[in-house]
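Printed here is target17.cif (mmCIF, C-alpha atoms):
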data_query
#
loop_
_atom_site.label_atom_id
_atom_site.label_comp_id
_atom_site.auth_asym_id
_atom_site.auth_seq_id
_atom_site.Cartn_x
_atom_site.Cartn_y
_atom_site.Cartn_z
CA MET G 1 -21.91 6.06 -12.10
CA THR G 2 -21.45 4.01 -8.97
CA SER G 3 -19.05 1.08 -8.85
CA THR G 4 -19.33 -1.49 -6.10
CA PHE G 5 -16.93 -4.30 -5.31
CA THR G 6 -16.30 -5.83 -1.92
CA ASN G 7 -14.16 -8.67 -0.66
CA PRO G 8 -13.44 -12.01 -2.33
CA PRO G 9 -16.28 -14.55 -2.05
CA GLY G 10 -16.11 -16.95 0.87
CA PRO G 11 -18.06 -18.27 3.84
CA ALA G 12 -20.85 -16.09 5.14
CA PRO G 13 -19.49 -13.80 7.87
CA SER G 14 -20.50 -14.45 11.45
CA ALA G 15 -21.93 -11.78 13.72
CA GLY G 16 -18.49 -11.24 15.23
CA THR G 17 -16.57 -10.93 11.96
CA ALA G 18 -14.18 -7.98 11.95
CA PRO G 19 -14.84 -5.19 9.45
CA PRO G 20 -12.63 -4.87 6.35
CA ALA G 21 -9.18 -3.42 6.97
CA ALA G 22 -10.17 -0.53 4.71
CA LEU G 23 -13.48 0.39 3.12
CA ALA G 24 -14.56 3.11 0.69
CA THR G 25 -18.29 3.79 0.37
CA GLU G 26 -19.70 5.94 -2.46
CA VAL G 27 -16.44 7.91 -2.60
CA THR G 28 -16.17 10.79 -5.03
CA LYS G 29 -13.23 13.08 -5.72
CA VAL G 30 -13.20 16.07 -8.08
CA TYR G 31 -10.18 18.23 -8.86
CA GLY G 32 -10.86 21.73 -10.15
CA SER G 33 -14.26 23.17 -11.06
CA GLY G 34 -16.43 24.12 -13.99
CA ASP G 35 -15.14 23.15 -17.41
CA ALA G 36 -11.75 22.29 -15.88
CA ALA G 37 -13.20 19.80 -13.35
CA VAL G 38 -11.64 16.34 -13.33
CA HIS G 39 -13.75 13.58 -11.79
CA ALA G 40 -11.01 11.37 -10.37
CA LEU G 41 -13.39 9.07 -8.46
CA ARG G 42 -17.05 8.52 -9.29
CA GLY G 43 -18.98 6.91 -6.43
CA VAL G 44 -16.51 4.11 -5.69
CA THR G 45 -17.45 1.47 -3.12
CA VAL G 46 -14.80 -1.16 -2.41
CA GLY G 47 -13.60 -3.13 0.61
CA PHE G 48 -10.19 -4.61 1.36
CA ALA G 49 -10.18 -7.75 3.51
CA ARG G 50 -7.84 -8.14 6.45
CA GLY G 51 -4.88 -10.40 5.84
CA ALA G 52 -5.16 -10.05 2.05
CA PHE G 53 -2.94 -8.64 -0.67
CA THR G 54 -4.87 -6.46 -3.15
CA ALA G 55 -3.49 -4.72 -6.22
CA ILE G 56 -5.17 -1.69 -7.79
CA MET G 57 -4.62 -1.25 -11.53
CA GLY G 58 -5.96 0.71 -14.47
CA PRO G 59 -4.98 2.92 -17.39
CA SER G 60 -3.20 6.21 -16.76
CA GLY G 61 -5.65 8.68 -15.21
CA SER G 62 -8.06 5.97 -14.07
CA GLY G 63 -8.00 7.13 -10.43
CA LYS G 64 -6.00 4.30 -8.89
CA SER G 65 -3.50 6.49 -7.01
CA THR G 66 -6.26 8.91 -5.98
CA LEU G 67 -8.23 6.01 -4.48
CA MET G 68 -5.21 4.80 -2.52
CA HIS G 69 -4.41 8.31 -1.25
CA CYS G 70 -8.00 8.74 -0.05
CA LEU G 71 -7.97 5.32 1.64
CA ALA G 72 -4.75 6.22 3.43
CA GLY G 73 -5.95 9.63 4.60
CA LEU G 74 -3.42 11.43 2.40
CA ASP G 75 -6.14 13.16 0.39
CA THR G 76 -9.66 14.31 1.21
CA VAL G 77 -12.79 13.00 -0.48
CA GLY G 78 -15.52 15.10 -2.09
CA GLY G 79 -18.23 12.75 -0.90
CA GLY G 80 -18.73 9.34 0.65
CA ARG G 81 -16.92 7.65 3.54
CA ILE G 82 -13.56 6.03 4.17
CA MET G 83 -13.18 3.55 7.04
CA LEU G 84 -9.94 2.12 8.41
CA GLY G 85 -11.15 -0.80 10.46
CA ASP G 86 -13.79 0.68 12.78
CA ALA G 87 -12.51 4.26 12.43
CA GLU G 88 -14.09 6.69 9.96
CA ILE G 89 -11.21 8.78 8.69
CA THR G 90 -13.33 11.13 6.56
CA GLY G 91 -14.35 12.96 9.74
CA MET G 92 -10.87 13.28 11.22
CA ASN G 93 -8.90 16.50 11.61
CA ASP G 94 -5.27 16.87 10.57
CA ARG G 95 -3.89 15.87 13.97
CA GLN G 96 -6.06 12.76 14.14
CA LEU G 97 -5.05 11.77 10.62
CA THR G 98 -1.37 12.24 11.45
CA LEU G 99 -1.66 9.94 14.47
CA LEU G 100 -3.64 7.38 12.47
CA ARG G 101 -1.06 7.26 9.71
CA ARG G 102 1.79 7.03 12.22
CA GLU G 103 0.28 4.29 14.38
CA ARG G 104 -1.86 2.17 12.07
CA ILE G 105 -0.65 2.56 8.48
CA GLY G 106 2.55 1.74 6.62
CA PHE G 107 3.57 3.40 3.35
CA VAL G 108 5.84 2.55 0.44
CA PHE G 109 6.00 5.05 -2.41
CA GLN G 110 8.11 5.28 -5.55
CA ALA G 111 9.63 8.46 -4.10
CA PHE G 112 11.55 6.92 -1.22
CA ASN G 113 10.83 9.69 1.33
CA LEU G 114 13.92 8.88 3.38
CA LEU G 115 15.51 11.39 5.74
CA PRO G 116 18.96 12.18 4.29
CA THR G 117 20.68 12.67 7.65
CA LEU G 118 19.65 9.28 9.05
CA THR G 119 21.20 5.90 8.34
CA ALA G 120 19.19 3.12 6.69
CA GLU G 121 18.54 1.51 10.08
CA GLN G 122 17.46 4.80 11.63
CA ASN G 123 15.09 5.47 8.71
CA ILE G 124 13.59 1.99 9.06
CA LEU G 125 13.00 2.35 12.79
CA LEU G 126 11.80 5.97 12.71
CA PRO G 127 8.02 5.27 12.50
CA SER G 128 8.21 2.93 15.49
CA GLN G 129 10.14 5.52 17.48
CA LEU G 130 7.65 8.28 16.61
CA ALA G 131 4.79 6.03 17.74
CA GLY G 132 6.61 5.16 20.98
CA ARG G 133 6.81 1.46 20.12
CA LYS G 134 9.75 -0.78 20.88
CA PRO G 135 10.75 -2.62 17.69
CA ASP G 136 10.63 -6.41 17.52
CA ARG G 137 14.29 -7.14 16.81
CA ALA G 138 13.67 -10.69 15.56
CA TRP G 139 11.16 -9.38 13.02
CA PHE G 140 13.49 -6.49 12.16
CA ASP G 141 16.28 -8.98 11.44
CA GLN G 142 14.00 -11.08 9.24
CA VAL G 143 12.91 -8.05 7.23
CA ILE G 144 16.48 -6.86 6.81
CA ASP G 145 17.75 -10.23 5.62
CA VAL G 146 14.95 -10.72 3.09
CA VAL G 147 15.35 -7.29 1.50
CA GLY G 148 19.14 -7.66 1.54
CA LEU G 149 20.12 -4.66 3.64
CA ARG G 150 22.32 -6.29 6.28
CA ASP G 151 25.52 -4.68 5.00
CA ARG G 152 23.88 -1.29 4.32
CA LEU G 153 22.30 -0.46 7.68
CA ASP G 154 24.89 2.21 8.59
CA HIS G 155 24.72 3.90 5.16
CA ARG G 156 22.83 7.15 4.56
CA PRO G 157 20.49 7.49 1.57
CA ASN G 158 23.05 9.34 -0.58
CA GLU G 159 25.37 6.34 -0.14
CA LEU G 160 22.75 3.92 -1.46
CA SER G 161 21.56 3.14 -4.98
CA GLY G 162 17.97 3.89 -5.94
CA GLY G 163 17.07 0.24 -5.57
CA GLN G 164 18.64 0.05 -2.13
CA GLN G 165 16.76 3.18 -1.04
CA GLN G 166 13.48 1.57 -2.11
CA ARG G 167 14.37 -1.52 -0.09
CA VAL G 168 14.82 0.72 2.95
CA ALA G 169 11.38 2.21 2.31
CA CYS G 170 9.84 -1.28 2.04
CA ALA G 171 11.53 -2.41 5.25
CA ARG G 172 10.39 0.77 7.04
CA ALA G 173 6.75 0.02 6.17
CA LEU G 174 6.95 -3.65 7.15
CA VAL G 175 8.93 -3.51 10.36
CA SER G 176 6.19 -1.93 12.49
CA ARG G 177 3.55 -4.43 11.32
CA PRO G 178 0.86 -1.84 10.60
CA GLU G 179 -2.80 -2.69 10.11
CA VAL G 180 -2.52 -1.82 6.42
CA ILE G 181 0.42 -1.15 4.13
CA PHE G 182 -0.36 1.14 1.20
CA ALA G 183 2.21 0.70 -1.55
CA ASP G 184 2.45 2.87 -4.68
CA GLU G 185 4.68 1.14 -7.24
CA PRO G 186 6.82 -0.37 -4.44
CA THR G 187 9.24 -2.11 -6.79
CA GLY G 188 9.30 0.54 -9.49
CA ASN G 189 13.02 1.26 -8.98
CA LEU G 190 14.19 -2.30 -8.36
CA ASP G 191 15.69 -4.77 -10.81
CA SER G 192 13.73 -7.94 -11.53
CA SER G 193 15.58 -10.04 -8.96
CA SER G 194 15.19 -7.51 -6.15
CA SER G 195 11.56 -6.92 -7.15
CA ALA G 196 10.79 -10.63 -6.88
CA GLU G 197 12.47 -10.78 -3.47
CA VAL G 198 10.53 -7.83 -2.07
CA LEU G 199 7.21 -8.93 -3.57
CA GLY G 200 7.80 -12.44 -2.28
CA PHE G 201 8.33 -11.09 1.20
CA LEU G 202 5.20 -8.94 0.96
CA ARG G 203 3.34 -12.08 -0.11
CA THR G 204 4.82 -14.03 2.82
CA SER G 205 3.92 -11.26 5.27
CA VAL G 206 0.29 -11.63 4.18
CA ARG G 207 0.15 -15.43 4.29
CA GLU G 208 2.16 -16.04 7.44
CA MET G 209 1.84 -12.83 9.46
CA GLY G 210 -1.66 -11.68 8.51
CA GLN G 211 -0.45 -8.39 7.02
CA THR G 212 -2.89 -6.43 4.86
CA ILE G 213 -1.44 -4.83 1.72
CA VAL G 214 -3.06 -2.52 -0.84
CA MET G 215 -0.73 -1.88 -3.77
CA VAL G 216 -1.04 0.37 -6.81
CA THR G 217 1.00 -0.98 -9.71
CA HIS G 218 1.15 -0.91 -13.51
CA ASP G 219 3.19 -4.13 -13.63
CA PRO G 220 1.25 -7.37 -14.35
CA VAL G 221 4.05 -9.42 -12.77
CA ALA G 222 3.88 -7.42 -9.54
CA ALA G 223 0.08 -7.68 -9.53
CA SER G 224 0.30 -11.46 -9.88
CA TYR G 225 1.66 -11.65 -6.32
CA ALA G 226 -1.68 -10.32 -5.04
CA ASP G 227 -4.73 -12.34 -4.03
CA ARG G 228 -6.99 -10.00 -5.93
CA VAL G 229 -6.68 -7.22 -8.49
CA VAL G 230 -9.20 -4.36 -8.69
CA PHE G 231 -9.33 -2.49 -12.01
CA LEU G 232 -10.36 1.16 -12.43
CA ARG G 233 -11.22 3.14 -15.53
CA ASP G 234 -12.37 6.76 -15.64
CA GLY G 235 -12.73 6.96 -11.85
CA ALA G 236 -14.86 3.84 -11.43
CA ILE G 237 -14.13 0.21 -10.62
CA VAL G 238 -15.08 -1.83 -13.67
CA THR G 239 -13.90 -5.35 -12.86
CA GLU G 240 -11.73 -7.42 -10.54
CA LEU G 241 -9.68 -10.59 -10.76
CA HIS G 242 -8.96 -13.25 -8.15
CA GLY G 243 -5.89 -15.52 -8.21
CA PRO G 244 -4.20 -13.40 -10.88
CA THR G 245 -1.35 -14.42 -13.15
CA PRO G 246 0.75 -12.06 -15.26
CA ASP G 247 -1.10 -13.19 -18.40
CA THR G 248 -4.62 -12.81 -16.99
CA VAL G 249 -3.76 -9.38 -15.59
CA LEU G 250 -2.29 -8.26 -18.93
CA ASP G 251 -5.33 -9.52 -20.81
CA ARG G 252 -7.67 -7.63 -18.49
CA LEU G 253 -5.61 -4.42 -18.83
CA LYS G 254 -5.69 -4.70 -22.60
CA SER G 255 -9.48 -4.94 -22.49
CA LEU G 256 -9.54 -1.67 -20.52
CA GLY G 257 -7.24 0.17 -22.87
CA GLY G 258 -4.37 0.07 -20.33
#
Would you mind giving the structure from this file in structure tokens?
Amino acid sequence: MTSTFTNPPGPAPSAGTAPPAALATEVTKVYGSGDAAVHALRGVTVGFARGAFTAIMGPSGSGKSTLMHCLAGLDTVGGGRIMLGDAEITGMNDRQLTLLRRERIGFVFQAFNLLPTLTAEQNILLPSQLAGRKPDRAWFDQVIDVVGLRDRLDHRPNELSGGQQQRVACARALVSRPEVIFADEPTGNLDSSSSAEVLGFLRTSVREMGQTIVMVTHDPVAASYADRVVFLRDGAIVTELHGPTPDTVLDRLKSLGG
């Protein structure tokens, strides 16, 4: 089965239109072999427009995290192609993928992945330092104030709550202004107020700064901050939703058995 969805409808692209920020074409992924084989992705084709906020949803085991990991170069594909802008990442070696992820991609995962010996500020600025980029201090200050970390910058991860550690991870992804931010349950460990603040800033970064965000989530409220929601079931994209609300997302999930 092949599933094909592209970008939201709009004006016909001109000859000079930039390619999608990320694009999967006929992507397959199988774990295991023989009777134990699990077909995580089944010929998925989907594009993610630049300057847009897309959520990926589906029932447990639908392939949503696998798709994001393949798009981000964190996992290999069994077949098909993955493009990040004009770069085909499915043909890259480990060193090339490492540089790509460091210089062009931002990540936020439910596991915070913070270095325990570094302060919050040092963790946030680490990707920029590794890429040899000088941070934009005005943007850094804006990120810090929105996610509420001003009085925690000199604290190490073990001195922060789980929610505060996730805010550090969000700020780390945003501060370098990557081409794409891949977020896996980015507010999963935050209370409702902090979640709304972080999601609101992600939304603002898309609308005002042109950031591109691809987010896996199970939360209809979080998905409602996106421009578009793509739904997977059994390794294939089965539908999508534009201009989502919590209620329309929940209704669509219920129809999928999620």
* Asked: Which neighbours of G:Val221 fall inside 10 Å, counting only C-alpha atoms, when residues of the same chain fewer than 2 positions from it are skipped, and could you give them as an MDAnalysis selection string?
  -> chainID G and resid 192 195:196 199 217:219 223:226 244:247 249:250
Reference answer for the PyMOL selection byres ((chain G and resi 68-79) around 6), as an mmCIF file with C-alpha atoms, in the coordinates of the input:
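The result, written out as result_6.cif:
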data_model
loop_
_atom_site.group_PDB
_atom_site.id
_atom_site.type_symbol
_atom_site.label_atom_id
_atom_site.label_comp_id
_atom_site.auth_asym_id
_atom_site.auth_seq_id
_atom_site.Cartn_x
_atom_site.Cartn_y
_atom_site.Cartn_z
ATOM 1 C CA VAL G 27 -16.440 7.910 -2.600
ATOM 2 C CA THR G 28 -16.170 10.790 -5.030
ATOM 3 C CA LYS G 29 -13.230 13.080 -5.720
ATOM 4 C CA SER G 65 -3.500 6.490 -7.010
ATOM 5 C CA THR G 66 -6.260 8.910 -5.980
ATOM 6 C CA LEU G 67 -8.230 6.010 -4.480
ATOM 7 C CA GLY G 80 -18.730 9.340 0.650
#
Using the chain letters and numbering of this document, enumerate as a PDB file with C-alpha atoms, keeping the file's coordinate frame the residues selected by the PyMOL selection byres ((chain G and resi 214) around 6).
ATOM      1  CA  THR G  54      -4.870  -6.460  -3.150  1.00  0.00           C
ATOM      2  CA  ALA G  55      -3.490  -4.720  -6.220  1.00  0.00           C
ATOM      3  CA  PHE G 182      -0.360   1.140   1.200  1.00  0.00           C
ATOM      4  CA  ILE G 213      -1.440  -4.830   1.720  1.00  0.00           C
ATOM      5  CA  MET G 215      -0.730  -1.880  -3.770  1.00  0.00           C
TER       6      MET G 215
END
* To do: Please provide as a PyMOL selection string all residues within 10 Å of G:Ser205, with the sequence filter that same-chain residues fewer than 4 positions apart are discarded (counting only C-alpha atoms).
  => chain G and resi 51-53+143+174+177+199-201+209-213
* To do: Any chance you could resolve the PyMOL selection byres ((chain G and resi 81) around 6) against this file and give the residues as a VMD selection string?
  => chain G and resid 24 to 25 80 82 90
* **Long-range neighbours of G:Ala171 as an NGL selection string, 8 Å cut-off, all atoms listed in the file, 6 positions minimum in chain** => :G and (124 or 143-144 or 147)
* **Length of the atom CA of G:His242 to atom CA of G:Thr45 vector [Å]** => 17.7 Å
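Among G:Ala36, G:Ile56, G:Ala21, G:Ala111, the residue with the shortest atom-to-atom distance to G:Val230, counting only C-alpha atoms, is G:Ile56.
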* To do: Please check which residues have atoms at most 6 Å from (5.8, 1.9, 5.7) in the file's coordinates, counting all atoms listed in the file, and write them as a PyMOL selection string.
  => chain G and resi 106-108+172-174
* Atomic separation - atom CA of G:Leu256 relative to atom CA of G:Asp234, Å ->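 If I compute the distance from atom CA of G:Asp234 to atom CA of G:Leu256, I get 10.1 Å.
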* Hey, what's within 12 Å of G:Asp141 if we count all atoms listed in the file and toss same-chain stuff fewer than 2 positions away? As a list in words, please? ->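 In the requested format, the answer is Glu121, Ile124, Leu125, Pro135, Asp136, Arg137, Ala138, Trp139, Val143, Ile144, Asp145, Val146, Val147, Gly148, Leu149, Arg150, Leu153, Ala171, Leu174 and Val175 of chain G.
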* **Atomic separation - atom CA of G:Arg152 relative to atom CA of G:Gly188, Å** =>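 Between these atoms lies a distance of 20.2 Å.
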* If I put a ball of radius 12 Å at (21.2, 1.2, -0.1) in the file's coordinates, which residues poke into it when counting only C-alpha atoms, written as JSON, numbers by chain? -> {"G": [112, 114, 119, 120, 121, 123, 124, 144, 147, 148, 149, 150, 151, 152, 153, 154, 155, 156, 157, 158, 159, 160, 161, 162, 163, 164, 165, 166, 167, 168, 169, 170, 171, 190]}
Emit the selected residues as a compact mmCIF listing (two decimals), in the frame of the given file, including C-alpha atoms.
# COMPACT_ATOMS: atom_id res chain seq x y z
CA PHE G 112 11.55 6.92 -1.22
CA LEU G 114 13.92 8.88 3.38
CA THR G 119 21.20 5.90 8.34
CA ALA G 120 19.19 3.12 6.69
CA GLU G 121 18.54 1.51 10.08
CA ASN G 123 15.09 5.47 8.71
CA ILE G 124 13.59 1.99 9.06
CA ILE G 144 16.48 -6.86 6.81
CA VAL G 147 15.35 -7.29 1.50
CA GLY G 148 19.14 -7.66 1.54
CA LEU G 149 20.12 -4.66 3.64
CA ARG G 150 22.32 -6.29 6.28
CA ASP G 151 25.52 -4.68 5.00
CA ARG G 152 23.88 -1.29 4.32
CA LEU G 153 22.30 -0.46 7.68
CA ASP G 154 24.89 2.21 8.59
CA HIS G 155 24.72 3.90 5.16
CA ARG G 156 22.83 7.15 4.56
CA PRO G 157 20.49 7.49 1.57
CA ASN G 158 23.05 9.34 -0.58
CA GLU G 159 25.37 6.34 -0.14
CA LEU G 160 22.75 3.92 -1.46
CA SER G 161 21.56 3.14 -4.98
CA GLY G 162 17.97 3.89 -5.94
CA GLY G 163 17.07 0.24 -5.57
CA GLN G 164 18.64 0.05 -2.13
CA GLN G 165 16.76 3.18 -1.04
CA GLN G 166 13.48 1.57 -2.11
CA ARG G 167 14.37 -1.52 -0.09
CA VAL G 168 14.82 0.72 2.95
CA ALA G 169 11.38 2.21 2.31
CA CYS G 170 9.84 -1.28 2.04
CA ALA G 171 11.53 -2.41 5.25
CA LEU G 190 14.19 -2.30 -8.36
* Counting all atoms listed in the file, figure out which residue out of G:Phe140, G:Ala222, G:Gly43, G:Phe231 gets nearest to G:Ser194. =>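 Among the listed residues, the smallest separation from G:Ser194 belongs to G:Ala222.
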* Identify which of the residues G:Glu26, G:His39, G:Thr187, G:Thr248 lies closest to G:Gly63, counting all atoms listed in the file when measuring atom-to-atom distances. => G:His39
* For each of G:Leu100, G:Leu126, G:Val44, G:Ala87, take the minimum atom-to-atom distance to G:Ser176, counting all atoms listed in the file, then give the residue where this is smallest. =>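 Closest residue, counting all atoms listed in the file: G:Leu126.
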* **Using all atoms listed in the file: which of G:Ala236, G:Glu103, G:Leu115, G:Ile181 has the shortest distance to G:Gly132** =>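 For G:Gly132, the nearest of the candidates is G:Glu103.
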Generate N, CA and C atoms for stretch 155-177 of chain G and emit them as a compact mmCIF listing (two decimals), in the coordinates of the input.
# COMPACT_ATOMS: atom_id res chain seq x y z
N HIS G 155 24.56 2.98 6.28
CA HIS G 155 24.72 3.90 5.16
C HIS G 155 23.56 4.90 5.13
N ARG G 156 23.87 6.14 4.75
CA ARG G 156 22.83 7.15 4.56
C ARG G 156 22.29 7.06 3.14
N PRO G 157 21.10 7.63 2.89
CA PRO G 157 20.49 7.49 1.57
C PRO G 157 21.39 7.86 0.39
N ASN G 158 22.21 8.94 0.54
CA ASN G 158 23.05 9.34 -0.58
C ASN G 158 24.19 8.36 -0.84
N GLU G 159 24.36 7.38 0.05
CA GLU G 159 25.37 6.34 -0.14
C GLU G 159 24.76 5.05 -0.68
N LEU G 160 23.46 5.10 -0.98
CA LEU G 160 22.75 3.92 -1.46
C LEU G 160 22.26 4.14 -2.90
N SER G 161 22.15 3.05 -3.64
CA SER G 161 21.56 3.14 -4.98
C SER G 161 20.05 3.36 -4.85
N GLY G 162 19.42 3.71 -5.97
CA GLY G 162 17.97 3.89 -5.94
C GLY G 162 17.24 2.64 -5.48
N GLY G 163 17.69 1.49 -5.98
CA GLY G 163 17.07 0.24 -5.57
C GLY G 163 17.22 -0.04 -4.09
N GLN G 164 18.40 0.26 -3.57
CA GLN G 164 18.64 0.05 -2.13
C GLN G 164 17.78 1.00 -1.29
N GLN G 165 17.61 2.24 -1.77
CA GLN G 165 16.76 3.18 -1.04
C GLN G 165 15.31 2.69 -1.00
N GLN G 166 14.85 2.09 -2.11
CA GLN G 166 13.48 1.57 -2.11
C GLN G 166 13.34 0.37 -1.17
N ARG G 167 14.40 -0.41 -1.05
CA ARG G 167 14.37 -1.52 -0.09
C ARG G 167 14.25 -1.00 1.34
N VAL G 168 14.95 0.10 1.63
CA VAL G 168 14.82 0.72 2.95
C VAL G 168 13.38 1.16 3.19
N ALA G 169 12.76 1.76 2.17
CA ALA G 169 11.38 2.21 2.31
C ALA G 169 10.44 1.03 2.54
N CYS G 170 10.67 -0.08 1.84
CA CYS G 170 9.84 -1.28 2.04
C CYS G 170 10.02 -1.82 3.46
N ALA G 171 11.26 -1.89 3.90
CA ALA G 171 11.53 -2.41 5.25
C ALA G 171 10.90 -1.50 6.30
N ARG G 172 10.97 -0.19 6.09
CA ARG G 172 10.39 0.77 7.04
C ARG G 172 8.89 0.53 7.20
N ALA G 173 8.20 0.25 6.10
CA ALA G 173 6.75 0.02 6.17
C ALA G 173 6.43 -1.30 6.86
N LEU G 174 7.25 -2.31 6.64
CA LEU G 174 6.95 -3.65 7.15
C LEU G 174 7.31 -3.84 8.61
N VAL G 175 8.34 -3.15 9.07
CA VAL G 175 8.93 -3.51 10.36
C VAL G 175 8.01 -3.21 11.54
N SER G 176 7.09 -2.25 11.39
CA SER G 176 6.19 -1.93 12.49
C SER G 176 4.89 -2.72 12.45
N ARG G 177 4.74 -3.59 11.46
CA ARG G 177 3.55 -4.43 11.32
C ARG G 177 2.26 -3.62 11.42
